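Colleague: Structure supplied as coords_3.cif; contents: mmCIF, C-alpha atoms and all ligand atoms; chains and numbers go by the auth columns.
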data_target
loop_
_atom_site.group_PDB
_atom_site.id
_atom_site.type_symbol
_atom_site.label_atom_id
_atom_site.label_comp_id
_atom_site.label_asym_id
_atom_site.label_seq_id
_atom_site.Cartn_x
_atom_site.Cartn_y
_atom_site.Cartn_z
_atom_site.B_iso_or_equiv
_atom_site.auth_seq_id
_atom_site.auth_asym_id
ATOM 1 C CA GLU A 1 59.279 138.748 123.657 0.00 4 A
ATOM 2 C CA GLU A 2 57.817 140.351 120.536 0.00 5 A
ATOM 3 C CA PRO A 3 56.657 137.872 117.887 0.00 6 A
ATOM 4 C CA LYS A 4 58.313 137.833 114.483 0.00 7 A
ATOM 5 C CA VAL A 5 56.219 139.580 111.878 0.00 8 A
ATOM 6 C CA LYS A 6 56.437 138.916 108.163 0.00 9 A
ATOM 7 C CA TYR A 7 55.015 142.282 107.144 0.00 10 A
ATOM 8 C CA ASN A 8 56.939 145.539 107.174 0.00 11 A
ATOM 9 C CA ARG A 9 54.231 147.825 105.836 0.00 12 A
ATOM 10 C CA VAL A 10 50.491 147.287 105.583 0.00 13 A
ATOM 11 C CA LEU A 11 47.356 149.275 104.906 0.00 14 A
ATOM 12 C CA LEU A 12 44.358 148.881 107.204 0.00 15 A
ATOM 13 C CA LYS A 13 41.021 149.622 105.531 0.00 16 A
ATOM 14 C CA ILE A 14 37.960 150.041 107.691 0.00 17 A
ATOM 15 C CA SER A 15 34.514 151.258 106.778 0.00 18 A
ATOM 16 C CA GLY A 16 33.095 154.360 108.365 0.00 19 A
ATOM 17 C CA GLU A 17 30.440 152.147 109.914 0.00 20 A
ATOM 18 C CA ALA A 18 33.119 150.430 111.995 0.00 21 A
ATOM 19 C CA LEU A 19 33.409 153.680 113.971 0.00 22 A
ATOM 20 C CA MET A 20 29.741 154.126 114.832 0.00 23 A
ATOM 21 C CA GLY A 21 29.446 151.340 117.413 0.00 24 A
ATOM 22 C CA ASP A 22 25.816 150.419 118.047 0.00 25 A
ATOM 23 C CA GLN A 23 24.587 153.944 117.378 0.00 26 A
ATOM 24 C CA GLY A 24 23.523 153.454 113.761 0.00 27 A
ATOM 25 C CA TYR A 25 25.069 156.757 112.710 0.00 28 A
ATOM 26 C CA GLY A 26 28.141 158.921 113.207 0.00 29 A
ATOM 27 C CA LEU A 27 31.106 158.488 115.482 0.00 30 A
ATOM 28 C CA HIS A 28 31.202 156.546 118.754 0.00 31 A
ATOM 29 C CA PRO A 29 34.389 157.734 120.506 0.00 32 A
ATOM 30 C CA PRO A 30 34.851 154.584 122.667 0.00 33 A
ATOM 31 C CA THR A 31 34.733 152.471 119.497 0.00 34 A
ATOM 32 C CA VAL A 32 37.248 154.754 117.777 0.00 35 A
ATOM 33 C CA ALA A 33 39.484 154.431 120.861 0.00 36 A
ATOM 34 C CA ARG A 34 39.204 150.629 120.801 0.00 37 A
ATOM 35 C CA ILE A 35 40.265 150.446 117.143 0.00 38 A
ATOM 36 C CA ALA A 36 43.062 152.935 117.793 0.00 39 A
ATOM 37 C CA ALA A 37 44.376 150.604 120.500 0.00 40 A
ATOM 38 C CA GLU A 38 44.358 147.714 117.998 0.00 41 A
ATOM 39 C CA VAL A 39 46.363 149.863 115.578 0.00 42 A
ATOM 40 C CA LYS A 40 48.827 150.846 118.292 0.00 43 A
ATOM 41 C CA SER A 41 49.398 147.182 119.211 0.00 44 A
ATOM 42 C CA VAL A 42 50.452 146.515 115.607 0.00 45 A
ATOM 43 C CA ARG A 43 52.535 149.683 115.394 0.00 46 A
ATOM 44 C CA ASP A 44 54.294 148.421 118.563 0.00 47 A
ATOM 45 C CA LEU A 45 55.410 145.355 116.571 0.00 48 A
ATOM 46 C CA GLY A 46 57.367 147.743 114.347 0.00 49 A
ATOM 47 C CA VAL A 47 54.967 147.465 111.408 0.00 50 A
ATOM 48 C CA GLU A 48 54.510 150.606 109.315 0.00 51 A
ATOM 49 C CA ILE A 49 50.818 151.376 109.050 0.00 52 A
ATOM 50 C CA CYS A 50 48.688 153.184 106.504 0.00 53 A
ATOM 51 C CA MET A 51 44.981 153.598 107.173 0.00 54 A
ATOM 52 C CA VAL A 52 42.018 154.379 104.965 0.00 55 A
ATOM 53 C CA ILE A 53 38.675 154.942 106.668 0.00 56 A
ATOM 54 C CA GLY A 54 35.385 155.136 104.797 0.00 57 A
ATOM 55 C CA GLY A 55 32.666 157.679 105.371 0.00 58 A
ATOM 56 C CA GLY A 56 29.496 155.613 105.282 0.00 59 A
ATOM 57 C CA ASN A 57 28.712 156.299 108.953 0.00 60 A
ATOM 58 C CA ILE A 58 28.169 159.942 108.010 0.00 61 A
ATOM 59 C CA PHE A 59 27.404 160.236 104.301 0.00 62 A
ATOM 60 C CA ARG A 60 27.489 158.138 101.140 0.00 63 A
ATOM 61 C CA GLY A 61 27.316 159.714 97.710 0.00 64 A
ATOM 62 C CA LEU A 62 24.963 157.066 96.388 0.00 65 A
ATOM 63 C CA GLN A 63 22.487 157.714 99.199 0.00 66 A
ATOM 64 C CA GLY A 64 22.480 161.419 98.433 0.00 67 A
ATOM 65 C CA SER A 65 22.058 160.911 94.708 0.00 68 A
ATOM 66 C CA ALA A 66 19.249 158.385 95.268 0.00 69 A
ATOM 67 C CA GLN A 67 17.419 161.210 97.036 0.00 70 A
ATOM 68 C CA GLY A 68 17.864 163.555 94.085 0.00 71 A
ATOM 69 C CA MET A 69 21.158 165.221 94.928 0.00 72 A
ATOM 70 C CA GLU A 70 23.626 165.753 92.113 0.00 73 A
ATOM 71 C CA ARG A 71 26.015 162.772 92.203 0.00 74 A
ATOM 72 C CA THR A 72 29.370 164.522 92.148 0.00 75 A
ATOM 73 C CA THR A 73 28.358 166.944 94.898 0.00 76 A
ATOM 74 C CA ALA A 74 27.097 164.030 96.974 0.00 77 A
ATOM 75 C CA ASP A 75 30.394 162.214 96.421 0.00 78 A
ATOM 76 C CA TYR A 76 32.402 165.243 97.573 0.00 79 A
ATOM 77 C CA MET A 77 30.284 165.277 100.724 0.00 80 A
ATOM 78 C CA GLY A 78 31.148 161.604 101.202 0.00 81 A
ATOM 79 C CA MET A 79 34.842 162.413 100.814 0.00 82 A
ATOM 80 C CA LEU A 80 34.544 165.151 103.438 0.00 83 A
ATOM 81 C CA ALA A 81 32.932 162.612 105.759 0.00 84 A
ATOM 82 C CA THR A 82 36.075 160.489 105.511 0.00 85 A
ATOM 83 C CA VAL A 83 38.141 163.482 106.644 0.00 86 A
ATOM 84 C CA MET A 84 36.058 163.757 109.813 0.00 87 A
ATOM 85 C CA ASN A 85 36.592 160.061 110.516 0.00 88 A
ATOM 86 C CA ALA A 86 40.326 160.411 109.865 0.00 89 A
ATOM 87 C CA LEU A 87 40.576 163.300 112.321 0.00 90 A
ATOM 88 C CA ALA A 88 38.711 161.289 114.957 0.00 91 A
ATOM 89 C CA MET A 89 41.102 158.373 114.469 0.00 92 A
ATOM 90 C CA GLN A 90 44.115 160.707 114.587 0.00 93 A
ATOM 91 C CA ALA A 91 42.953 162.173 117.905 0.00 94 A
ATOM 92 C CA ALA A 92 42.371 158.695 119.369 0.00 95 A
ATOM 93 C CA LEU A 93 45.796 157.443 118.238 0.00 96 A
ATOM 94 C CA GLU A 94 47.589 160.497 119.560 0.00 97 A
ATOM 95 C CA GLN A 95 45.887 160.051 122.940 0.00 98 A
ATOM 96 C CA LEU A 96 47.693 156.703 123.017 0.00 99 A
ATOM 97 C CA GLY A 97 50.988 158.365 122.148 0.00 100 A
ATOM 98 C CA VAL A 98 51.070 157.194 118.513 0.00 101 A
ATOM 99 C CA HIS A 99 52.421 159.749 116.055 0.00 102 A
ATOM 100 C CA THR A 100 50.139 160.194 113.064 0.00 103 A
ATOM 101 C CA ARG A 101 49.506 162.275 109.987 0.00 104 A
ATOM 102 C CA VAL A 102 46.188 162.796 108.270 0.00 105 A
ATOM 103 C CA ILE A 103 46.872 163.136 104.561 0.00 106 A
ATOM 104 C CA SER A 104 44.056 164.314 102.335 0.00 107 A
ATOM 105 C CA ALA A 105 43.586 163.734 98.627 0.00 108 A
ATOM 106 C CA ILE A 106 41.813 167.111 98.609 0.00 109 A
ATOM 107 C CA PRO A 107 44.100 169.811 100.018 0.00 110 A
ATOM 108 C CA MET A 108 42.794 171.520 103.158 0.00 111 A
ATOM 109 C CA ASP A 109 45.926 172.943 104.674 0.00 112 A
ATOM 110 C CA GLN A 110 44.502 174.198 107.960 0.00 113 A
ATOM 111 C CA VAL A 111 43.138 170.746 108.755 0.00 114 A
ATOM 112 C CA CYS A 112 45.706 168.220 107.549 0.00 115 A
ATOM 113 C CA GLU A 113 48.485 167.603 105.050 0.00 116 A
ATOM 114 C CA PRO A 114 47.938 167.403 101.311 0.00 117 A
ATOM 115 C CA TYR A 115 48.870 164.105 99.674 0.00 118 A
ATOM 116 C CA ILE A 116 52.448 164.155 98.412 0.00 119 A
ATOM 117 C CA ARG A 117 53.633 160.620 97.808 0.00 120 A
ATOM 118 C CA ARG A 118 57.282 160.971 98.799 0.00 121 A
ATOM 119 C CA ARG A 119 56.377 162.866 101.916 0.00 122 A
ATOM 120 C CA ALA A 120 53.931 160.149 102.955 0.00 123 A
ATOM 121 C CA VAL A 121 56.599 157.483 102.430 0.00 124 A
ATOM 122 C CA ARG A 122 58.945 159.466 104.676 0.00 125 A
ATOM 123 C CA HIS A 123 56.307 159.595 107.429 0.00 126 A
ATOM 124 C CA LEU A 124 55.972 155.823 107.242 0.00 127 A
ATOM 125 C CA GLU A 125 59.722 155.362 107.482 0.00 128 A
ATOM 126 C CA LYS A 126 59.588 157.463 110.639 0.00 129 A
ATOM 127 C CA LYS A 127 56.921 155.067 111.973 0.00 130 A
ATOM 128 C CA ARG A 128 54.108 157.600 111.843 0.00 131 A
ATOM 129 C CA VAL A 129 50.698 156.125 111.138 0.00 132 A
ATOM 130 C CA CYS A 130 49.469 157.718 107.898 0.00 133 A
ATOM 131 C CA ILE A 131 45.699 158.120 107.692 0.00 134 A
ATOM 132 C CA PHE A 132 44.745 158.774 104.079 0.00 135 A
ATOM 133 C CA ALA A 133 41.583 160.855 103.859 0.00 136 A
ATOM 134 C CA ALA A 134 39.186 162.123 101.179 0.00 137 A
ATOM 135 C CA GLY A 135 39.369 158.861 99.256 0.00 138 A
ATOM 136 C CA THR A 136 40.971 159.203 95.848 0.00 139 A
ATOM 137 C CA GLY A 137 39.811 162.823 95.617 0.00 140 A
ATOM 138 C CA ASN A 138 37.523 161.877 92.741 0.00 141 A
ATOM 139 C CA PRO A 139 33.783 161.278 92.601 0.00 142 A
ATOM 140 C CA TYR A 140 32.514 157.889 91.385 0.00 143 A
ATOM 141 C CA PHE A 141 35.162 156.085 93.406 0.00 144 A
ATOM 142 C CA THR A 142 35.022 154.485 96.847 0.00 145 A
ATOM 143 C CA THR A 143 37.379 154.310 99.758 0.00 146 A
ATOM 144 C CA ASP A 144 38.047 150.660 98.871 0.00 147 A
ATOM 145 C CA THR A 145 39.579 151.859 95.621 0.00 148 A
ATOM 146 C CA ALA A 146 41.408 154.611 97.503 0.00 149 A
ATOM 147 C CA ALA A 147 42.807 151.970 99.872 0.00 150 A
ATOM 148 C CA THR A 148 44.070 149.862 96.976 0.00 151 A
ATOM 149 C CA LEU A 149 45.548 152.889 95.235 0.00 152 A
ATOM 150 C CA ARG A 150 47.392 154.124 98.340 0.00 153 A
ATOM 151 C CA ALA A 151 48.555 150.614 99.255 0.00 154 A
ATOM 152 C CA ASN A 152 50.112 150.321 95.810 0.00 155 A
ATOM 153 C CA GLU A 153 51.657 153.785 95.940 0.00 156 A
ATOM 154 C CA MET A 154 53.095 153.188 99.423 0.00 157 A
ATOM 155 C CA ALA A 155 54.345 149.706 98.428 0.00 158 A
ATOM 156 C CA CYS A 156 52.373 148.002 101.180 0.00 159 A
ATOM 157 C CA GLU A 157 52.694 144.227 101.290 0.00 160 A
ATOM 158 C CA ALA A 158 48.972 143.725 101.863 0.00 161 A
ATOM 159 C CA ILE A 159 45.666 145.414 102.545 0.00 162 A
ATOM 160 C CA PHE A 160 44.038 144.371 105.813 0.00 163 A
ATOM 161 C CA LYS A 161 40.313 144.805 105.456 0.00 164 A
ATOM 162 C CA GLY A 162 38.691 144.846 108.882 0.00 165 A
ATOM 163 C CA THR A 163 35.076 143.676 108.821 0.00 166 A
ATOM 164 C CA LYS A 164 32.422 142.260 111.149 0.00 167 A
ATOM 165 C CA VAL A 165 33.310 138.660 110.265 0.00 168 A
ATOM 166 C CA ASP A 166 36.577 136.731 110.214 0.00 169 A
ATOM 167 C CA GLY A 167 36.928 136.392 106.458 0.00 170 A
ATOM 168 C CA VAL A 168 35.141 135.836 103.186 0.00 171 A
ATOM 169 C CA TYR A 169 32.244 133.364 103.225 0.00 172 A
ATOM 170 C CA ASP A 170 30.324 131.765 100.367 0.00 173 A
ATOM 171 C CA LYS A 171 27.174 133.384 101.807 0.00 174 A
ATOM 172 C CA ASP A 172 26.416 135.806 104.619 0.00 175 A
ATOM 173 C CA PRO A 173 27.456 133.989 107.839 0.00 176 A
ATOM 174 C CA LYS A 174 25.200 136.262 109.925 0.00 177 A
ATOM 175 C CA LYS A 175 22.179 134.922 108.007 0.00 178 A
ATOM 176 C CA HIS A 176 23.174 131.356 107.052 0.00 179 A
ATOM 177 C CA ALA A 177 24.395 128.863 109.663 0.00 180 A
ATOM 178 C CA ASP A 178 25.949 126.672 106.939 0.00 181 A
ATOM 179 C CA ALA A 179 28.073 129.445 105.402 0.00 182 A
ATOM 180 C CA THR A 180 31.694 128.391 104.927 0.00 183 A
ATOM 181 C CA ARG A 181 34.766 130.582 105.080 0.00 184 A
ATOM 182 C CA TYR A 182 37.472 130.549 102.430 0.00 185 A
ATOM 183 C CA ASP A 183 41.046 130.327 103.688 0.00 186 A
ATOM 184 C CA THR A 184 42.236 131.692 100.358 0.00 187 A
ATOM 185 C CA ILE A 185 40.391 132.784 97.254 0.00 188 A
ATOM 186 C CA SER A 186 41.437 134.328 93.942 0.00 189 A
ATOM 187 C CA TYR A 187 40.534 137.846 92.880 0.00 190 A
ATOM 188 C CA ASP A 188 38.621 136.490 89.897 0.00 191 A
ATOM 189 C CA GLU A 189 36.531 134.189 92.051 0.00 192 A
ATOM 190 C CA VAL A 190 35.620 137.108 94.326 0.00 193 A
ATOM 191 C CA LEU A 191 34.522 139.035 91.245 0.00 194 A
ATOM 192 C CA GLN A 192 32.672 136.154 89.572 0.00 195 A
ATOM 193 C CA ARG A 193 30.800 135.187 92.731 0.00 196 A
ATOM 194 C CA HIS A 194 30.046 138.815 93.656 0.00 197 A
ATOM 195 C CA LEU A 195 31.364 138.162 97.148 0.00 198 A
ATOM 196 C CA GLY A 196 31.342 141.800 98.170 0.00 199 A
ATOM 197 C CA VAL A 197 34.806 141.879 99.748 0.00 200 A
ATOM 198 C CA MET A 198 35.452 145.250 98.159 0.00 201 A
ATOM 199 C CA ASP A 199 33.936 146.862 95.100 0.00 202 A
ATOM 200 C CA ALA A 200 34.920 145.454 91.725 0.00 203 A
ATOM 201 C CA SER A 201 37.265 148.262 90.685 0.00 204 A
ATOM 202 C CA ALA A 202 39.212 147.918 93.940 0.00 205 A
ATOM 203 C CA ILE A 203 39.510 144.132 93.501 0.00 206 A
ATOM 204 C CA ALA A 204 40.679 144.564 89.905 0.00 207 A
ATOM 205 C CA LEU A 205 43.268 147.153 90.907 0.00 208 A
ATOM 206 C CA ALA A 206 44.585 144.820 93.614 0.00 209 A
ATOM 207 C CA ARG A 207 44.646 141.889 91.170 0.00 210 A
ATOM 208 C CA ASP A 208 46.508 143.815 88.486 0.00 211 A
ATOM 209 C CA ASN A 209 49.222 144.718 90.990 0.00 212 A
ATOM 210 C CA ASN A 210 49.286 141.415 92.887 0.00 213 A
ATOM 211 C CA LEU A 211 48.349 143.050 96.159 0.00 214 A
ATOM 212 C CA PRO A 212 46.903 140.529 98.636 0.00 215 A
ATOM 213 C CA ILE A 213 43.788 141.471 100.618 0.00 216 A
ATOM 214 C CA ILE A 214 43.497 139.966 104.100 0.00 217 A
ATOM 215 C CA VAL A 215 39.886 140.006 105.289 0.00 218 A
ATOM 216 C CA PHE A 216 39.602 139.676 109.078 0.00 219 A
ATOM 217 C CA SER A 217 37.315 140.527 111.978 0.00 220 A
ATOM 218 C CA LEU A 218 37.785 143.893 113.589 0.00 221 A
ATOM 219 C CA ASP A 219 35.409 142.822 116.381 0.00 222 A
ATOM 220 C CA GLU A 220 37.866 140.182 117.595 0.00 223 A
ATOM 221 C CA PRO A 221 40.026 141.815 120.320 0.00 224 A
ATOM 222 C CA GLY A 222 43.693 141.495 119.391 0.00 225 A
ATOM 223 C CA GLY A 223 42.737 140.092 115.998 0.00 226 A
ATOM 224 C CA PHE A 224 44.734 142.515 113.866 0.00 227 A
ATOM 225 C CA ARG A 225 47.913 141.996 115.849 0.00 228 A
ATOM 226 C CA GLY A 226 47.286 138.245 116.024 0.00 229 A
ATOM 227 C CA ILE A 227 47.172 137.849 112.266 0.00 230 A
ATOM 228 C CA LEU A 228 50.323 139.909 111.816 0.00 231 A
ATOM 229 C CA ALA A 229 51.987 137.704 114.405 0.00 232 A
ATOM 230 C CA GLY A 230 50.927 134.582 112.479 0.00 233 A
ATOM 231 C CA HIS A 231 47.730 133.267 114.071 0.00 234 A
ATOM 232 C CA GLY A 232 43.949 133.722 113.975 0.00 235 A
ATOM 233 C CA THR A 233 41.429 133.142 111.194 0.00 236 A
ATOM 234 C CA TYR A 234 41.090 135.239 108.082 0.00 237 A
ATOM 235 C CA THR A 235 40.724 134.955 104.322 0.00 238 A
ATOM 236 C CA ARG A 236 43.546 135.817 102.006 0.00 239 A
ATOM 237 C CA VAL A 237 42.397 137.136 98.628 0.00 240 A
ATOM 238 C CA GLY A 238 45.053 136.677 95.939 0.00 241 A
ATOM 239 C CA GLY A 239 48.830 136.944 96.301 0.00 242 A
HETATM 240 N N1 LIG B . 34.002 158.867 97.789 0.00 301 B
HETATM 241 C C1 LIG B . 34.306 159.344 96.537 0.00 301 B
HETATM 242 N N2 LIG B . 35.538 159.098 95.997 0.00 301 B
HETATM 243 C C2 LIG B . 36.486 158.363 96.650 0.00 301 B
HETATM 244 C C3 LIG B . 36.163 157.830 97.921 0.00 301 B
HETATM 245 C C4 LIG B . 34.919 158.097 98.471 0.00 301 B
HETATM 246 O O1 LIG B . 33.490 159.999 95.901 0.00 301 B
HETATM 247 O O2 LIG B . 37.594 158.175 96.114 0.00 301 B
HETATM 248 C C5 LIG B . 32.707 159.215 98.420 0.00 301 B
HETATM 249 C C6 LIG B . 31.549 158.347 97.945 0.00 301 B
HETATM 250 O O3 LIG B . 30.411 159.171 97.846 0.00 301 B
HETATM 251 C C7 LIG B . 31.380 157.356 99.074 0.00 301 B
HETATM 252 C C8 LIG B . 31.735 158.187 100.287 0.00 301 B
HETATM 253 O O4 LIG B . 32.784 159.026 99.827 0.00 301 B
HETATM 254 O O5 LIG B . 30.064 156.874 99.169 0.00 301 B
HETATM 255 C C9 LIG B . 32.170 157.410 101.493 0.00 301 B
HETATM 256 O O6 LIG B . 33.101 156.399 101.155 0.00 301 B
HETATM 257 P P1 LIG B . 32.722 154.838 101.201 0.00 301 B
HETATM 258 O O7 LIG B . 31.336 154.636 100.727 0.00 301 B
HETATM 259 O O8 LIG B . 33.802 154.117 100.475 0.00 301 B
HETATM 260 O O9 LIG B . 32.800 154.554 102.749 0.00 301 B
HETATM 261 P P2 LIG B . 32.614 153.150 103.551 0.00 301 B
HETATM 262 O O10 LIG B . 31.538 152.359 102.877 0.00 301 B
HETATM 263 O O11 LIG B . 33.933 152.427 103.512 0.00 301 B
HETATM 264 O O12 LIG B . 32.268 153.614 104.940 0.00 301 B
#
Can you turn what I pasted into structure tokens?

Modeller:
Amino acid sequence: EEPKVKYNRVLLKISGEALMGDQGYGLHPPTVARIAAEVKSVRDLGVEICMVIGGGNIFRGLQGSAQGMERTTADYMGMLATVMNALAMQAALEQLGVHTRVISAIPMDQVCEPYIRRRAVRHLEKKRVCIFAAGTGNPYFTTDTAATLRANEMACEAIFKGTKVDGVYDKDPKKHADATRYDTISYDEVLQRHLGVMDASAIALARDNNLPIIVFSLDEPGGFRGILAGHGTYTRVGG
């Protein structure tokens, strides 16, 4: 029997680095396939799913500009990197029989759909996984902010931020054995303590719209579905 789920529509945010496996760069197709299977297992619960994937496994604007590249150009390259990741995720989901749309903030009609809010909502109602690409379409932003923006626009009940650890800790749990995990924490505390859940503008945008952020481990098999079904460990920011 399928468990009862208290969410109807969520947004899953993952970094580009989540797709690179142990390679240190780029896309690792088996890792993309594994995450796609996690997404499918949640879609199979009847939950409507938005996704935002970063681009840091391929290119980050700040890296480019630190090496002398003009910042806005570097940021556009970062946005294009997110489109590649979105296409990889789309292909992996469709191999599992999940219907998807890649929806780009920067129109590129031969590759994917342009972002039209009402159209995206309709896709979700039809249970298509919507992968929002090219961030916000603007330089000087991040995909964390894009995730918060799209989650608000799509009226998602929460952002699920998949990371390497099972929540928000007071210090890096991979470096400090005595790090402790928060079960819940306020947006302001995340900001004041510089806890690095998401960048500050994304946290503020979530706070101002009362959008909870669930930080959980993407490395835990079945973790995403487990939390939606009411078990597992995670940190809830706000809400
Ligand atoms: N980016 C941007 N505007 C946006 C979203 C992303 O300019 O609205 C660029 C920015 O250069 C960023 C890159 O795209 O470094 C990749 O996104 P991000 O760093 O958020 O990826 P992640 O760290 O999640 O992999």

Colleague: To verify the selection step, state as a PyMOL selection string which residues the PyMOL selection byres (((chain A and resi 229) around 12) and not hetatm) yields on this input.

Modeller: chain A and resi 5-8+41-42+44-45+48+219-221+223-228+230-237

Colleague: Residue by residue, what does the PyMOL selection byres (((not hetatm)) within 10 of (chain B and resi 301)) grab here? Present the result as a PyMOL selection string.

Modeller: chain A and resi 16-22+55-68+74-86+88+108+136-150+152+201-202

Colleague: Output C-alpha atoms of each residue in that selection to a file, as a JSON list (two decimals), in the coordinates of the input.

Modeller:
[["chain", "number", "residue", "atom", "x", "y", "z"],
["A", 16, "LYS", "CA", 41.02, 149.62, 105.53],
["A", 17, "ILE", "CA", 37.96, 150.04, 107.69],
["A", 18, "SER", "CA", 34.51, 151.26, 106.78],
["A", 19, "GLY", "CA", 33.10, 154.36, 108.36],
["A", 20, "GLU", "CA", 30.44, 152.15, 109.91],
["A", 21, "ALA", "CA", 33.12, 150.43, 112.00],
["A", 22, "LEU", "CA", 33.41, 153.68, 113.97],
["A", 55, "VAL", "CA", 42.02, 154.38, 104.96],
["A", 56, "ILE", "CA", 38.67, 154.94, 106.67],
["A", 57, "GLY", "CA", 35.38, 155.14, 104.80],
["A", 58, "GLY", "CA", 32.67, 157.68, 105.37],
["A", 59, "GLY", "CA", 29.50, 155.61, 105.28],
["A", 60, "ASN", "CA", 28.71, 156.30, 108.95],
["A", 61, "ILE", "CA", 28.17, 159.94, 108.01],
["A", 62, "PHE", "CA", 27.40, 160.24, 104.30],
["A", 63, "ARG", "CA", 27.49, 158.14, 101.14],
["A", 64, "GLY", "CA", 27.32, 159.71, 97.71],
["A", 65, "LEU", "CA", 24.96, 157.07, 96.39],
["A", 66, "GLN", "CA", 22.49, 157.71, 99.20],
["A", 67, "GLY", "CA", 22.48, 161.42, 98.43],
["A", 68, "SER", "CA", 22.06, 160.91, 94.71],
["A", 74, "ARG", "CA", 26.02, 162.77, 92.20],
["A", 75, "THR", "CA", 29.37, 164.52, 92.15],
["A", 76, "THR", "CA", 28.36, 166.94, 94.90],
["A", 77, "ALA", "CA", 27.10, 164.03, 96.97],
["A", 78, "ASP", "CA", 30.39, 162.21, 96.42],
["A", 79, "TYR", "CA", 32.40, 165.24, 97.57],
["A", 80, "MET", "CA", 30.28, 165.28, 100.72],
["A", 81, "GLY", "CA", 31.15, 161.60, 101.20],
["A", 82, "MET", "CA", 34.84, 162.41, 100.81],
["A", 83, "LEU", "CA", 34.54, 165.15, 103.44],
["A", 84, "ALA", "CA", 32.93, 162.61, 105.76],
["A", 85, "THR", "CA", 36.08, 160.49, 105.51],
["A", 86, "VAL", "CA", 38.14, 163.48, 106.64],
["A", 88, "ASN", "CA", 36.59, 160.06, 110.52],
["A", 108, "ALA", "CA", 43.59, 163.73, 98.63],
["A", 136, "ALA", "CA", 41.58, 160.85, 103.86],
["A", 137, "ALA", "CA", 39.19, 162.12, 101.18],
["A", 138, "GLY", "CA", 39.37, 158.86, 99.26],
["A", 139, "THR", "CA", 40.97, 159.20, 95.85],
["A", 140, "GLY", "CA", 39.81, 162.82, 95.62],
["A", 141, "ASN", "CA", 37.52, 161.88, 92.74],
["A", 142, "PRO", "CA", 33.78, 161.28, 92.60],
["A", 143, "TYR", "CA", 32.51, 157.89, 91.38],
["A", 144, "PHE", "CA", 35.16, 156.08, 93.41],
["A", 145, "THR", "CA", 35.02, 154.49, 96.85],
["A", 146, "THR", "CA", 37.38, 154.31, 99.76],
["A", 147, "ASP", "CA", 38.05, 150.66, 98.87],
["A", 148, "THR", "CA", 39.58, 151.86, 95.62],
["A", 149, "ALA", "CA", 41.41, 154.61, 97.50],
["A", 150, "ALA", "CA", 42.81, 151.97, 99.87],
["A", 152, "LEU", "CA", 45.55, 152.89, 95.24],
["A", 201, "MET", "CA", 35.45, 145.25, 98.16],
["A", 202, "ASP", "CA", 33.94, 146.86, 95.10]]

Colleague: Rounded to one decimal, what separation in Å do you get between CA of Glu156 in chain A and CA of Arg121 in chain A?

Modeller: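 We find that CA of Glu156 in chain A and CA of Arg121 in chain A lie 9.6 Å from each other.
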
Colleague: Measure the distance from CA of Val171 in chain A to CA of Tyr185 in chain A in Å and round it to one decimal.

Modeller: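 That distance, rounded to one decimal, is 5.8 Å.
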
Colleague: Please report the interatomic distance between CA of Ala154 in chain A and CA of Leu14 in chain A in Å with one decimal.

Modeller: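 Separation of CA of Ala154 in chain A and CA of Leu14 in chain A: 5.9 Å.
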
Colleague: Between A:Ile162, A:Val193, A:Leu127, A:Ala182, which residue has the minimum interatomic distance to Val218 in chain A, considering all atoms listed in the file?

Modeller: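 Between A:Ile162, A:Val193, A:Leu127, A:Ala182, the residue approaching Val218 in chain A most closely is A:Ile162.
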
Colleague: Determine the residue membership of the PyMOL selection byres (((chain A and resi 32) around 12) and not hetatm) for the file above and supply it as a JSON list (two decimals) with C-alpha atoms, keeping the file's coordinate frame.

Modeller:
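Resulting contents of selection-v1.json:
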[["chain", "number", "residue", "atom", "x", "y", "z"],
["A", 21, "ALA", "CA", 33.12, 150.43, 112.00],
["A", 22, "LEU", "CA", 33.41, 153.68, 113.97],
["A", 23, "MET", "CA", 29.74, 154.13, 114.83],
["A", 24, "GLY", "CA", 29.45, 151.34, 117.41],
["A", 25, "ASP", "CA", 25.82, 150.42, 118.05],
["A", 26, "GLN", "CA", 24.59, 153.94, 117.38],
["A", 29, "GLY", "CA", 28.14, 158.92, 113.21],
["A", 30, "LEU", "CA", 31.11, 158.49, 115.48],
["A", 31, "HIS", "CA", 31.20, 156.55, 118.75],
["A", 33, "PRO", "CA", 34.85, 154.58, 122.67],
["A", 34, "THR", "CA", 34.73, 152.47, 119.50],
["A", 35, "VAL", "CA", 37.25, 154.75, 117.78],
["A", 36, "ALA", "CA", 39.48, 154.43, 120.86],
["A", 37, "ARG", "CA", 39.20, 150.63, 120.80],
["A", 38, "ILE", "CA", 40.26, 150.45, 117.14],
["A", 39, "ALA", "CA", 43.06, 152.94, 117.79],
["A", 88, "ASN", "CA", 36.59, 160.06, 110.52],
["A", 90, "LEU", "CA", 40.58, 163.30, 112.32],
["A", 91, "ALA", "CA", 38.71, 161.29, 114.96],
["A", 92, "MET", "CA", 41.10, 158.37, 114.47],
["A", 93, "GLN", "CA", 44.12, 160.71, 114.59],
["A", 94, "ALA", "CA", 42.95, 162.17, 117.90],
["A", 95, "ALA", "CA", 42.37, 158.70, 119.37],
["A", 96, "LEU", "CA", 45.80, 157.44, 118.24],
["A", 98, "GLN", "CA", 45.89, 160.05, 122.94]]

Colleague: Using all atoms listed in the file, which residues sit within 12 Å of Leu194 in chain A once same-chain residues fewer than 6 positions away are excluded, as a short mmCIF file (atom, residue, chain, number, x, y, z; two decimals) with C-alpha atoms, keeping the file's coordinate frame?

Modeller:
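The resulting file, part.cif, is reproduced below:
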data_model
loop_
_atom_site.label_atom_id
_atom_site.label_comp_id
_atom_site.auth_asym_id
_atom_site.auth_seq_id
_atom_site.Cartn_x
_atom_site.Cartn_y
_atom_site.Cartn_z
CA ILE A 188 40.39 132.78 97.25
CA VAL A 200 34.81 141.88 99.75
CA MET A 201 35.45 145.25 98.16
CA ASP A 202 33.94 146.86 95.10
CA ALA A 203 34.92 145.45 91.72
CA SER A 204 37.26 148.26 90.68
CA ALA A 205 39.21 147.92 93.94
CA ILE A 206 39.51 144.13 93.50
CA ALA A 207 40.68 144.56 89.90
CA LEU A 208 43.27 147.15 90.91
CA ALA A 209 44.58 144.82 93.61
CA ARG A 210 44.65 141.89 91.17
CA VAL A 240 42.40 137.14 98.63
CA GLY A 241 45.05 136.68 95.94
#
